[in-house]
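Source file: run_4.txt (compact mmCIF, C-alpha atoms)
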# COMPACT_ATOMS: atom_id res chain seq x y z
CA MET A 1105 85.50 141.08 89.07
CA ALA A 1106 81.90 140.52 88.20
CA VAL A 1107 80.35 137.23 89.19
CA THR A 1108 79.50 135.18 86.17
CA GLY A 1109 78.16 131.70 85.70
CA ASP A 1110 75.45 129.55 87.19
CA ILE A 1111 74.57 129.58 90.90
CA HIS A 1112 73.75 125.89 90.60
CA ASP A 1113 77.31 125.07 89.49
CA SER A 1114 78.84 127.18 92.22
CA ALA A 1115 76.66 125.51 94.84
CA LYS A 1116 77.80 122.11 93.59
CA VAL A 1117 81.46 123.11 93.86
CA LEU A 1118 80.89 124.53 97.34
CA ALA A 1119 79.15 121.33 98.42
CA LEU A 1120 82.05 119.24 97.13
CA GLY A 1121 84.55 121.32 99.06
CA LEU A 1122 82.49 121.48 102.26
CA ALA A 1123 81.71 117.76 102.31
CA THR A 1124 85.35 116.83 101.82
CA GLY A 1125 86.56 119.37 104.35
CA PHE A 1126 84.11 118.34 107.08
CA GLY A 1127 84.77 114.72 106.30
CA ALA A 1128 88.48 115.28 106.86
CA ILE A 1129 88.08 116.62 110.43
CA GLY A 1130 87.33 113.35 112.19
CA PRO A 1131 89.93 111.20 110.40
CA GLY A 1132 92.49 113.97 110.97
CA VAL A 1133 91.91 113.75 114.71
CA GLY A 1134 91.93 109.95 114.49
CA VAL A 1135 95.21 109.72 112.59
CA GLY A 1136 96.86 112.08 115.06
CA PHE A 1137 95.54 109.96 117.91
CA ILE A 1138 96.91 106.75 116.38
CA PHE A 1139 100.40 108.15 115.88
CA GLY A 1140 100.41 109.81 119.30
CA LYS A 1141 99.31 106.65 121.08
CA THR A 1142 101.90 104.60 119.20
CA ILE A 1143 104.65 106.99 120.25
CA GLU A 1144 103.40 106.74 123.81
CA ALA A 1145 103.35 102.94 123.66
CA VAL A 1146 106.83 102.73 122.15
CA GLY A 1147 108.02 105.11 124.86
CA ARG A 1148 106.75 102.72 127.51
CA GLN A 1149 107.85 99.46 125.86
CA PRO A 1150 110.50 100.15 123.19
CA GLU A 1151 111.00 96.39 122.59
CA LEU A 1152 107.50 96.13 121.02
CA ARG A 1153 108.31 98.76 118.41
CA GLY A 1154 108.12 96.38 115.42
CA GLN A 1155 104.72 94.93 116.27
CA LEU A 1156 103.29 98.31 117.22
CA GLN A 1157 104.42 99.84 113.95
CA GLY A 1158 102.59 97.19 111.93
CA LEU A 1159 99.41 97.83 113.88
CA MET A 1160 99.92 101.58 113.61
CA TRP A 1161 100.06 101.50 109.80
CA LEU A 1162 97.00 99.27 109.67
CA GLY A 1163 95.06 101.66 111.89
CA PHE A 1164 96.37 104.66 110.00
CA ALA A 1165 95.15 103.32 106.66
CA LEU A 1166 91.76 102.27 108.05
CA THR A 1167 91.25 105.72 109.58
CA GLU A 1168 92.55 107.64 106.61
CA ALA A 1169 90.16 105.80 104.31
CA ILE A 1170 87.22 107.57 105.98
CA VAL A 1171 88.27 110.82 104.31
CA PHE A 1172 87.92 109.05 101.01
CA TYR A 1173 84.40 107.86 101.79
CA ALA A 1174 83.46 111.49 102.30
CA LEU A 1175 85.31 112.48 99.14
CA GLY A 1176 83.67 109.68 97.17
CA MET A 1177 80.19 110.58 98.33
CA ALA A 1178 80.95 114.23 97.58
CA PHE A 1179 81.94 113.27 94.04
CA VAL A 1180 78.76 111.24 93.66
CA ALA A 1181 76.68 114.17 94.92
CA TYR A 1182 78.58 116.49 92.58
CA ALA A 1183 77.95 114.21 89.61
CA ILE A 1184 74.22 113.63 90.15
CA ALA A 1185 73.19 117.07 91.49
CA MET B 142 101.97 136.44 79.20
CA LEU B 143 103.74 133.12 79.05
CA PRO B 144 101.96 130.32 77.19
CA LEU B 145 101.46 128.28 80.38
CA LEU B 146 98.35 130.20 81.32
CA LYS B 147 96.73 129.57 77.98
CA VAL B 148 96.74 125.81 78.49
CA ASP B 149 93.26 124.50 79.10
CA PHE B 150 94.12 122.40 82.12
CA ASN B 151 91.60 120.03 83.64
CA PRO B 152 93.06 117.68 86.27
CA VAL B 153 90.01 115.40 86.27
CA SER B 154 89.82 114.68 82.56
CA GLU B 155 92.71 112.19 82.44
CA PHE B 156 90.81 109.92 84.84
CA THR B 157 87.51 110.02 82.97
CA GLU B 158 88.08 110.75 79.29
CA PHE B 159 90.14 107.68 78.33
CA VAL B 160 87.11 105.43 78.70
CA HIS B 161 85.58 107.02 75.61
CA HIS B 162 88.57 106.43 73.34
CA PRO B 163 89.95 102.93 73.90
CA TYR B 164 92.85 101.66 71.82
CA VAL B 165 90.97 98.51 70.82
CA ASP B 166 87.18 98.51 70.96
CA LEU B 167 85.85 95.12 72.06
CA PRO B 168 82.30 94.01 72.93
CA LEU B 169 80.99 93.62 76.50
CA GLY B 170 83.06 96.59 77.65
CA LEU B 171 86.27 94.55 77.41
CA ASP B 172 88.02 97.45 75.70
CA ILE B 173 91.77 97.74 75.78
CA ASN B 174 92.26 101.25 77.10
CA LYS B 175 94.80 103.18 79.10
CA ALA B 176 94.04 101.43 82.40
CA VAL B 177 94.49 98.00 80.82
CA VAL B 178 97.85 99.01 79.34
CA TYR B 179 98.95 100.31 82.74
CA MET B 180 97.98 96.98 84.29
CA TRP B 181 99.99 95.12 81.68
CA ILE B 182 103.03 97.26 82.37
CA ALA B 183 102.64 96.66 86.11
CA ALA B 184 102.19 92.91 85.64
CA LEU B 185 105.27 92.67 83.41
CA LEU B 186 107.35 94.72 85.84
CA ALA B 187 106.15 92.72 88.85
CA THR B 188 107.01 89.45 87.10
CA PHE B 189 110.35 90.38 85.61
CA LEU B 190 111.72 92.50 88.44
CA THR B 191 111.04 89.65 90.84
CA LEU B 192 112.59 87.12 88.44
CA PHE B 193 115.56 89.41 87.90
CA ALA B 194 116.07 89.72 91.65
CA VAL B 195 116.10 85.98 92.37
CA ARG B 196 117.06 84.45 89.01
CA ARG B 197 120.75 83.90 89.70
CA SER B 198 121.69 81.42 92.36
CA LEU B 199 120.76 82.72 95.78
CA LYS B 200 123.71 83.25 98.09
CA VAL B 201 124.14 82.87 101.82
CA ARG B 202 125.65 86.34 101.90
CA PRO B 203 123.14 88.20 99.73
CA ASP B 204 124.08 91.02 97.39
CA SER B 205 121.96 94.15 97.17
CA ARG B 206 119.38 92.74 94.71
CA GLN B 207 118.83 89.65 96.79
CA THR B 208 118.58 91.75 99.95
CA VAL B 209 115.75 93.83 98.47
CA ALA B 210 113.94 90.68 97.33
CA GLU B 211 114.35 89.15 100.79
CA ILE B 212 112.98 92.26 102.50
CA VAL B 213 109.90 92.24 100.26
CA TYR B 214 109.42 88.51 100.83
CA ASP B 215 109.87 88.93 104.56
CA VAL B 216 107.26 91.71 104.72
CA ALA B 217 104.86 89.65 102.61
CA GLN B 218 105.30 86.54 104.72
CA ASN B 219 105.66 87.80 108.27
CA GLN B 220 103.73 91.08 108.23
CA VAL B 221 101.05 90.48 105.62
CA ALA B 222 100.30 86.76 105.59
CA ARG B 223 101.18 85.67 109.15
CA GLY B 224 99.19 88.62 110.50
CA GLY B 225 95.91 87.16 109.28
CA LEU B 226 96.22 83.68 107.86
CA PRO B 227 96.32 80.56 110.07
CA GLU B 228 99.06 78.02 109.40
CA GLU B 229 96.93 75.64 107.31
CA GLY B 230 95.83 78.46 105.00
CA MET B 231 99.39 79.60 104.29
CA ARG B 232 100.07 77.05 101.54
CA ILE B 233 97.26 78.29 99.27
CA TRP B 234 96.75 81.90 100.33
CA PHE B 235 100.25 83.15 101.09
CA PRO B 236 101.06 83.21 97.33
CA TYR B 237 97.79 85.04 96.72
CA VAL B 238 98.29 87.81 99.26
CA ALA B 239 101.98 88.14 98.38
CA THR B 240 101.03 88.51 94.70
CA LEU B 241 98.40 91.10 95.62
CA PHE B 242 101.02 93.02 97.60
CA VAL B 243 103.62 93.07 94.82
CA PHE B 244 101.14 93.62 91.98
CA ILE B 245 99.27 96.51 93.63
CA TRP B 246 102.54 98.07 94.72
CA MET B 247 103.81 97.90 91.13
CA MET B 248 100.56 99.35 89.78
CA ASN B 249 100.82 102.22 92.25
CA LEU B 250 104.49 102.85 91.48
CA VAL B 251 103.98 102.76 87.70
CA GLY B 252 101.29 105.37 88.33
CA PHE B 253 103.92 107.83 89.53
CA ILE B 254 106.06 107.65 86.40
CA PRO B 255 104.99 110.20 83.76
CA LEU B 256 104.15 108.14 80.66
CA PRO B 257 103.01 109.34 77.23
CA PHE B 258 99.49 107.95 77.30
CA GLY B 259 97.61 111.26 77.31
CA ASP B 260 94.61 111.88 75.08
CA ARG B 261 95.86 115.27 73.94
CA HIS B 262 98.95 115.70 71.81
CA PHE B 263 101.64 118.35 71.51
CA ASP B 264 104.00 119.00 68.64
CA LEU B 265 107.72 118.47 69.06
CA PHE B 266 109.89 118.98 65.95
CA GLY B 267 106.92 118.09 63.76
CA LEU B 268 106.08 114.93 65.67
CA SER B 269 102.75 114.65 67.43
CA ILE B 270 103.55 113.27 70.87
CA PRO B 271 100.89 112.42 73.47
CA GLU B 272 101.06 114.42 76.68
CA PHE B 273 103.02 112.88 79.50
CA GLN B 274 100.86 112.37 82.55
CA ILE B 275 100.71 110.36 85.74
CA TYR B 276 97.85 107.89 85.82
CA ALA B 277 97.55 104.73 87.91
CA ALA B 278 95.59 101.61 87.05
CA THR B 279 94.48 101.50 90.67
CA ALA B 280 92.95 105.00 90.35
CA ASN B 281 90.15 103.16 88.58
CA LEU B 282 87.29 101.54 90.45
CA SER B 283 87.01 98.61 88.04
CA VAL B 284 90.54 97.43 88.83
CA THR B 285 90.25 97.64 92.61
CA LEU B 286 86.73 96.22 92.60
CA ALA B 287 87.84 93.19 90.58
CA LEU B 288 90.68 92.50 93.02
CA THR B 289 88.28 92.95 95.93
CA LEU B 290 85.76 90.52 94.46
CA VAL B 291 88.46 87.85 94.17
CA THR B 292 89.15 88.29 97.88
CA PHE B 293 85.43 88.33 98.69
CA PHE B 294 84.69 85.06 96.92
CA ALA B 295 87.89 83.45 98.21
CA THR B 296 86.83 84.37 101.75
CA HIS B 297 83.46 82.68 101.56
CA VAL B 298 84.58 79.67 99.53
CA GLU B 299 87.36 79.00 102.05
CA GLY B 300 85.03 79.58 104.98
CA ILE B 301 82.56 77.02 103.63
CA ARG B 302 85.31 74.58 102.64
CA TYR B 303 86.96 74.57 106.07
CA ASN B 304 83.86 74.82 108.27
CA GLY B 305 80.92 73.49 106.28
CA VAL B 306 77.99 75.59 105.07
CA ILE B 307 75.84 75.79 108.21
CA PRO B 308 78.65 76.25 110.79
CA TYR B 309 80.30 78.90 108.63
CA PHE B 310 77.23 81.08 108.28
CA ARG B 311 76.38 80.49 111.94
CA SER B 312 79.86 81.73 112.84
CA TRP B 313 79.00 85.20 111.54
CA VAL B 314 77.13 85.94 114.78
CA PRO B 315 78.61 85.15 118.21
CA SER B 316 77.29 81.84 119.51
CA ASP B 317 76.33 83.26 122.92
CA THR B 318 74.06 85.95 121.45
CA PRO B 319 70.61 86.04 123.11
CA TRP B 320 67.91 85.01 120.62
CA TRP B 321 66.02 88.31 120.82
CA ILE B 322 69.03 90.27 119.48
CA LEU B 323 69.28 88.03 116.41
CA PRO B 324 66.81 90.03 114.24
CA ILE B 325 69.17 93.02 114.63
CA MET B 326 72.47 91.13 114.62
CA VAL B 327 71.90 89.00 111.53
CA PRO B 328 71.17 91.87 109.10
CA VAL B 329 74.03 93.92 110.55
CA GLU B 330 76.51 91.06 110.14
CA VAL B 331 75.30 90.26 106.62
CA ILE B 332 75.55 93.91 105.59
CA SER B 333 79.00 94.19 107.15
CA GLN B 334 80.22 91.36 104.92
CA PHE B 335 79.15 93.33 101.85
CA VAL B 336 80.41 96.65 103.20
CA ARG B 337 83.88 95.02 103.13
CA ILE B 338 83.70 95.03 99.34
CA VAL B 339 83.01 98.76 99.32
CA SER B 340 85.57 99.68 101.96
CA LEU B 341 88.37 97.54 100.53
CA SER B 342 87.95 98.72 96.94
CA PHE B 343 87.16 102.38 97.71
CA ARG B 344 90.14 102.75 100.04
CA LEU B 345 92.65 101.84 97.35
CA PHE B 346 90.77 103.59 94.55
CA PHE B 347 90.27 106.94 96.25
CA ASN B 348 93.71 106.98 97.83
CA LEU B 349 95.30 106.79 94.40
CA LEU B 350 92.73 108.99 92.66
CA ALA B 351 92.84 111.72 95.29
CA GLY B 352 96.63 111.48 95.49
CA HIS B 353 97.03 111.98 91.76
CA LEU B 354 94.40 114.74 91.67
CA VAL B 355 96.07 116.69 94.48
CA ILE B 356 99.47 116.43 92.77
CA ALA B 357 97.98 117.54 89.45
CA VAL B 358 96.07 120.42 91.04
CA PHE B 359 99.11 121.78 92.89
CA LEU B 360 101.42 121.48 89.89
CA GLY B 361 98.82 123.11 87.64
CA LEU B 362 97.67 125.71 90.15
CA ALA B 363 99.03 128.62 88.12
CA SER B 364 97.08 127.46 85.11
CA LEU B 365 93.92 126.81 87.11
CA LEU B 366 93.91 130.16 88.90
CA GLY B 367 95.31 132.11 85.97
CA THR B 368 98.12 133.81 87.90
CA TYR B 369 101.87 133.27 88.20
CA PHE B 370 102.17 134.46 91.78
CA ILE B 371 100.99 131.07 93.02
CA LEU B 372 103.84 129.17 91.32
CA PRO B 373 106.33 129.39 94.26
CA ILE B 374 103.72 127.67 96.43
CA GLY B 375 102.21 125.28 93.92
CA ILE B 376 105.34 123.64 92.51
CA PRO B 377 107.05 122.80 95.86
CA MET B 378 103.76 121.55 97.31
CA GLY B 379 103.20 119.38 94.27
CA VAL B 380 106.70 117.93 94.41
CA ALA B 381 106.43 117.29 98.17
CA LEU B 382 103.08 115.53 97.75
CA TYR B 383 104.48 113.54 94.84
CA LEU B 384 107.35 112.29 96.98
CA LEU B 385 105.02 111.46 99.88
CA GLU B 386 102.60 109.55 97.67
CA ALA B 387 105.23 107.70 95.66
CA THR B 388 107.33 106.59 98.62
CA LEU B 389 104.81 106.06 101.43
CA ILE B 390 101.24 105.83 100.18
CA ALA B 391 101.94 103.58 97.18
CA GLY B 392 103.55 100.87 99.29
CA LEU B 393 101.29 101.38 102.29
CA GLN B 394 98.06 100.95 100.35
CA ALA B 395 99.35 97.76 98.71
CA PHE B 396 100.34 96.52 102.17
CA ILE B 397 96.93 97.38 103.63
CA PHE B 398 95.01 95.74 100.79
CA ALA B 399 97.02 92.52 101.08
CA THR B 400 96.88 92.51 104.89
CA LEU B 401 93.13 92.99 104.99
CA SER B 402 92.67 90.27 102.36
CA ALA B 403 94.72 87.94 104.56
CA ILE B 404 92.73 88.92 107.66
CA TYR B 405 89.40 88.37 105.90
CA ILE B 406 90.39 84.98 104.46
CA GLY B 407 92.01 83.90 107.71
CA GLY B 408 88.96 85.01 109.67
CA ALA B 409 86.75 82.84 107.45
CA ILE B 410 89.02 79.78 107.81
CA HIS B 411 89.14 80.12 111.61
CA PRO B 412 86.13 82.08 112.84
CA ASP B 413 86.77 83.56 116.28
CA HIS B 414 83.29 82.94 117.54

Starting from the coordinates I provided, produce the structure as structure tokens.
Amino acid sequence: MAVTGDIHDSAKVLALGLATGFGAIGPGVGVGFIFGKTIEAVGRQPELRGQLQGLMWLGFALTEAIVFYALGMAFVAYAIA
Amino acid sequence: MLPLLKVDFNPVSEFTEFVHHPYVDLPLGLDINKAVVYMWIAALLATFLTLFAVRRSLKVRPDSRQTVAEIVYDVAQNQVARGGLPEEGMRIWFPYVATLFVFIWMMNLVGFIPLPFGDRHFDLFGLSIPEFQIYAATANLSVTLALTLVTFFATHVEGIRYNGVIPYFRSWVPSDTPWWILPIMVPVEVISQFVRIVSLSFRLFFNLLAGHLVIAVFLGLASLLGTYFILPIGIPMGVALYLLEATLIAGLQAFIFATLSAIYIGGAIHPDH
């Protein structure tokens, strides 16, 4: 299939994908860490499960939001480039 | 080929195009458009579902409706409000954070019901029906930013009211900070107060926007790529993501928004340092 279209547009799309993808690496590690550590903590002290779960969801949402900062900035870059 | 591939499918357009054709055009940008209607639906549902759940006399042995209402109330009081608010702030701000929790949750949930508010129409037996689509009021920065600004102003008004102007602003930096760090600490702390606006509103906004976009992209993957071989992957992925978002993310983001609002307001009423 022949390549058609503008190299500028394709670069913008590539930048959007790359920025989001790289931005997802760190939060991915962080979210895994949070769940892993919570499982570890519940394994040690099962009676704290309720409190730990509340903290876990809070930490999960705070960490996960970092992906969306990357995505948001990628959208901004895509829109103004 | 089947007609599916001929559809000009753009998953982004439903989040951007509606701004240009509001239902009622009002000055100052106070248009009544799709997002406003979605907020109305969510507000009505939040009000009347809650009333419906607790309207009849409450019983000592609760039935299923009352049990659900009690669980939601318990989460709002013990997890959301008690987690951040001190006891003297509960009387004013527990209703606020509980309302935020229920209202945002309803807005998110309404966003996962396909409703006929699309800009494009299709013909069914001669009737022109708008396309069914999933759109959430919270997938709109104006909505989340407005809610965030309420929390932001509430935080600082309460901080000043409980502590006085000078002690409140002095409480932003730790009292035992050496004087030569202050030129760095003060700007950082002031900026961090304003970064809260960005982080609180963007978290909710992009969670819902990205969630809806990913669902739309996977369900419409065949149309986007122009091939049918992707359908066995795209449809199950889309349905799985839909279930994840509708059950977990919708409630979780409402919970997080309300909890952080409570923590911010509580932190202003009783500064740690």

>> Quick check: residues of chain B within 9 Å of chain A, all atoms listed in the file, returned as JSON, numbers by chain.
In response: {"B": [220, 340, 343, 344, 345, 346, 347, 348, 351, 393, 394, 396, 397, 400, 401]}

>> Give me, as a PyMOL selection string, all polymer residues having an atom no more than 12 Å from Gly170 of chain B, counting only C-alpha atoms and skipping those fewer than 4 positions away in the same chain.
In response: chain B and resi 160-161+163+165-166+174+177+283

Determine the axis-aligned bounding box of all atoms of segment 336-343 of chain B present in the file, pad each side by 5 Å, and express its centre and edge lengths in Å to one decimal place as JSON.
{"center_x": 84.4, "center_y": 98.7, "center_z": 100.1, "size_x": 18.0, "size_y": 17.4, "size_z": 16.3}

>> Between B:Val355, B:Ala387, B:Ala395, B:Ile233, which residue has the minimum interatomic distance to Leu288 of chain B, considering all atoms listed in the file?
In response: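 Closest candidate: B:Ala395.
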
>> Around (79.7, 124.0, 93.4), as given in the file, which residues come within 12 Å? Count only C-alpha atoms and list them as a PyMOL selection string.
In response: chain A and resi 1109-1123+1178-1179+1181-1183+1185

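Rounded to one decimal, atom CA of Phe253 of chain B and atom CA of Glu386 of chain B lie 8.4 Å from each other.
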
> So how far away is atom CA of Asn249 of chain B from atom CA of Ile390 of chain B, in Å?
Replying inline: 8.7 Å

> Quick one, how far is atom CA of His411 of chain B from atom CA of Ile322 of chain B?
Replying inline: 23.9 Å

> Taking all atoms listed in the file into account, which of A:Leu1156, A:Glu1151, A:Ile1184, A:Thr1167 comes nearest Gly1134 of chain A?
Replying inline: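 Counting all atoms listed in the file, the residue closest to Gly1134 of chain A is A:Thr1167.
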
Name all residues at most 10 Å from Glu299 of chain B (count only C-alpha atoms; drop same-chain ones fewer than 5 positions away) and give them as a compact mmCIF listing (two decimals) with C-alpha atoms, in the frame of the given file.
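Produced file part.txt, reproduced below:
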# COMPACT_ATOMS: atom_id res chain seq x y z
CA GLY B 230 95.83 78.46 105.00
CA TRP B 234 96.75 81.90 100.33
CA PHE B 294 84.69 85.06 96.92
CA ASN B 304 83.86 74.82 108.27
CA GLY B 305 80.92 73.49 106.28
CA TYR B 309 80.30 78.90 108.63
CA ILE B 406 90.39 84.98 104.46
CA GLY B 407 92.01 83.90 107.71
CA GLY B 408 88.96 85.01 109.67
CA ALA B 409 86.75 82.84 107.45
CA ILE B 410 89.02 79.78 107.81
CA HIS B 411 89.14 80.12 111.61

>> Env of Glu1144 of chain A: 12 Å cut, atoms = all atoms listed in the file, seq-sep filter 5 positions within chain, self excluded. Answer as a count of residues only.
In response: 9

Restricted to N, CA and C atoms, what does segment 275-291 of chain B look like when written out as a PDB file, in the first residue's frame?
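Done, and the output landed in part_17.pdb:
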ATOM      1  N   ILE B 275     -22.400   6.692  24.086  1.00  0.00           N
ATOM      2  CA  ILE B 275     -22.107   6.880  25.504  1.00  0.00           C
ATOM      3  C   ILE B 275     -21.284   8.142  25.630  1.00  0.00           C
ATOM      4  N   TYR B 276     -21.777   9.044  26.456  1.00  0.00           N
ATOM      5  CA  TYR B 276     -21.092  10.304  26.716  1.00  0.00           C
ATOM      6  C   TYR B 276     -21.330  10.627  28.177  1.00  0.00           C
ATOM      7  N   ALA B 277     -20.314  11.092  28.870  1.00  0.00           N
ATOM      8  CA  ALA B 277     -20.481  11.430  30.297  1.00  0.00           C
ATOM      9  C   ALA B 277     -20.284  12.921  30.481  1.00  0.00           C
ATOM     10  N   ALA B 278     -21.085  13.506  31.385  1.00  0.00           N
ATOM     11  CA  ALA B 278     -20.911  14.928  31.683  1.00  0.00           C
ATOM     12  C   ALA B 278     -19.534  15.178  32.274  1.00  0.00           C
ATOM     13  N   THR B 279     -18.996  14.185  32.998  1.00  0.00           N
ATOM     14  CA  THR B 279     -17.689  14.379  33.616  1.00  0.00           C
ATOM     15  C   THR B 279     -16.551  14.212  32.612  1.00  0.00           C
ATOM     16  N   ALA B 280     -16.837  13.762  31.395  1.00  0.00           N
ATOM     17  CA  ALA B 280     -15.800  13.726  30.354  1.00  0.00           C
ATOM     18  C   ALA B 280     -15.722  15.094  29.682  1.00  0.00           C
ATOM     19  N   ASN B 281     -15.809  16.133  30.512  1.00  0.00           N
ATOM     20  CA  ASN B 281     -15.912  17.494  30.016  1.00  0.00           C
ATOM     21  C   ASN B 281     -15.218  18.360  31.049  1.00  0.00           C
ATOM     22  N   LEU B 282     -14.175  19.052  30.635  1.00  0.00           N
ATOM     23  CA  LEU B 282     -13.348  19.751  31.624  1.00  0.00           C
ATOM     24  C   LEU B 282     -14.130  20.819  32.362  1.00  0.00           C
ATOM     25  N   SER B 283     -15.110  21.443  31.721  1.00  0.00           N
ATOM     26  CA  SER B 283     -15.858  22.514  32.391  1.00  0.00           C
ATOM     27  C   SER B 283     -16.562  21.998  33.634  1.00  0.00           C
ATOM     28  N   VAL B 284     -17.142  20.792  33.532  1.00  0.00           N
ATOM     29  CA  VAL B 284     -17.895  20.241  34.655  1.00  0.00           C
ATOM     30  C   VAL B 284     -16.964  19.954  35.823  1.00  0.00           C
ATOM     31  N   THR B 285     -15.868  19.223  35.548  1.00  0.00           N
ATOM     32  CA  THR B 285     -14.977  18.849  36.641  1.00  0.00           C
ATOM     33  C   THR B 285     -14.277  20.072  37.214  1.00  0.00           C
ATOM     34  N   LEU B 286     -13.942  21.041  36.344  1.00  0.00           N
ATOM     35  CA  LEU B 286     -13.257  22.236  36.834  1.00  0.00           C
ATOM     36  C   LEU B 286     -14.173  23.052  37.735  1.00  0.00           C
ATOM     37  N   ALA B 287     -15.457  23.123  37.393  1.00  0.00           N
ATOM     38  CA  ALA B 287     -16.389  23.865  38.248  1.00  0.00           C
ATOM     39  C   ALA B 287     -16.488  23.215  39.625  1.00  0.00           C
ATOM     40  N   LEU B 288     -16.603  21.877  39.649  1.00  0.00           N
ATOM     41  CA  LEU B 288     -16.672  21.186  40.941  1.00  0.00           C
ATOM     42  C   LEU B 288     -15.387  21.396  41.736  1.00  0.00           C
ATOM     43  N   THR B 289     -14.242  21.373  41.014  1.00  0.00           N
ATOM     44  CA  THR B 289     -12.962  21.560  41.696  1.00  0.00           C
ATOM     45  C   THR B 289     -12.851  22.953  42.284  1.00  0.00           C
ATOM     46  N   LEU B 290     -13.343  23.961  41.563  1.00  0.00           N
ATOM     47  CA  LEU B 290     -13.237  25.331  42.057  1.00  0.00           C
ATOM     48  C   LEU B 290     -14.075  25.522  43.309  1.00  0.00           C
ATOM     49  N   VAL B 291     -15.233  24.838  43.387  1.00  0.00           N
ATOM     50  CA  VAL B 291     -16.021  24.911  44.621  1.00  0.00           C
ATOM     51  C   VAL B 291     -15.188  24.406  45.794  1.00  0.00           C
TER      52      VAL B 291
END
